[in-house]
Amino acid sequence: VIAVIINHTYSPILPNGFLGVDIFFVISGFVLTLSLEAKRNKNLIEFLTNFFYRRIKRLLPALLVFCLITAIIITFLIPSPKFAHITGITGLLGFSNLYLLNGSTDYFATDVILNPFTHTWSLDVEEQFYLIFPFLIWFSGFGSQKYHGKKNLFYTMLFLSSLSLIFYVYLTINYPISSYYLMPARFWEMGAGSILFLIYKFKNILISKISQIPSGLFLISISVIMLLPIKNLSINTFLIVFLTIALILSLKEENFISRIFNCRIANHLGLISYSLYLWHWAILSISAWTIGVHWWTIPFQFGIIYFVSLLSFKYVEQPFRKNNILRKKWKLFASSLFLVF
């Protein structure tokens, strides 16, 4: 998330910093599979209900507050806010990536920062992945704790991720904007994270050799790729995904990089990273419409991003995640639909 914020603030500093989103996709697939490993459910309906109950509590409150506040603010700042407003609406409904694609929005265009909801495309790619992934988890037997469930899920994800990677390369060559926004072209990255979890505890020669390579080497390689000019996007994306997998495999409790990732500051930024991602783009966008983004304004803007994200985490994310305000699932689903409407 730090790489993404730096890239969005001033891209020449970290030209490929936007690849932080690809790292997020890998980690997301890993953590999501991890979270479902020990869940015991009687049937598919119970499994799906529990899955979406947790996802709604995790994602919707902060997203809803962010969209409403930002939409109200830009109404007074942007002369013609219709496109931005619709992007926000589709972001809430889960398909802003398709709306932006339909509008032929080039993510790398200089004026893309003027739409404060552009970054919701990645959240919606993730949400569209959620519509498929729980069914793969259940019918593979992984979600119902069947004996061959882990192996079935591994081969299913390997097959689908391979198809997705081929599709991504094809679109990158022929329809580059589509390759960026479409979930089927991004499935392989989240699939790689899921596969990573499934092989994480296995002991084979390849995994053992990767785990013996110093973590710092992979972290430096990721940093170097982010510092390179934007060329060969598909190659850089593949390398980032591979290096993220290798970095996670190489992390051990006692090594230096692992201690850095587990220090107090890193943990704090990790906890508020969702709110950081939501709010950084909106604040930079509002700045672009008003005072601009300059070297002398950046410390002030970063301070606002951090402060607003902290408020969002403390007073929006946490209360809904920890408190059983809507303990009955049907009440949560019904109230969520009403609030989104």
# chains A, B, ... in the order shown; residues from 1 in each chain; ligands from 1
>>> closest_atom_pairs(of="stretch 156-218 of chain A", to="stretch 5-27 of chain A", cutoff="7 Å", atoms="only C-alpha atoms", output="JSON lines")
{"residue": "A:Glu189", "atom": "CA", "partner": "A:Val26", "partner_atom": "CA", "distance": 5.4}
{"residue": "A:Met190", "atom": "CA", "partner": "A:Val26", "partner_atom": "CA", "distance": 4.9}
{"residue": "A:Ala192", "atom": "CA", "partner": "A:Val26", "partner_atom": "CA", "distance": 6.1}
{"residue": "A:Gly193", "atom": "CA", "partner": "A:Val26", "partner_atom": "CA", "distance": 4.2}
>>> residues_around(residues="A:Tyr315", least_positions_apart="5", cutoff="12 Å", atoms="only C-alpha atoms", output="list in words")
Pro61, Ala62, Val65, Ile272, Ser275, Val308, Ser309, Leu310, Phe320, Arg321, Lys322 and Asn323 of chain A
>>> closest_residue(among="A:Ile73, A:Phe218, A:Met183, A:Ile45", to="A:Gly94", atoms="only C-alpha atoms")
A:Met183
>>> atom_distance(atom1="atom CA of A:Lys57", atom2="atom CA of A:Tyr107")
28.9 Å
>>> closest_residue(among="A:Lys314, A:Lys252, A:Arg40, A:His268", to="A:Phe142", atoms="only C-alpha atoms")
A:Arg40
>>> select_by_dssp(residues="stretch 73-152 of chain A", states="helix (DSSP H, G or I)", output="ChimeraX atom specification")
/A:73-75,82-93,96-102,110-114,120-130,133-139,149-152
>>> atom_distance(atom1="atom CA of A:Tyr147", atom2="atom CA of A:Ser211")
27.3 Å
>>> closest_residue(among="A:Thr120, A:Asn115, A:Thr105, A:Gln145", to="A:Pro81", atoms="only C-alpha atoms")
A:Asn115
>>> atom_distance(atom1="atom CA of A:Ala334", atom2="atom CA of A:Thr118")
27.4 Å
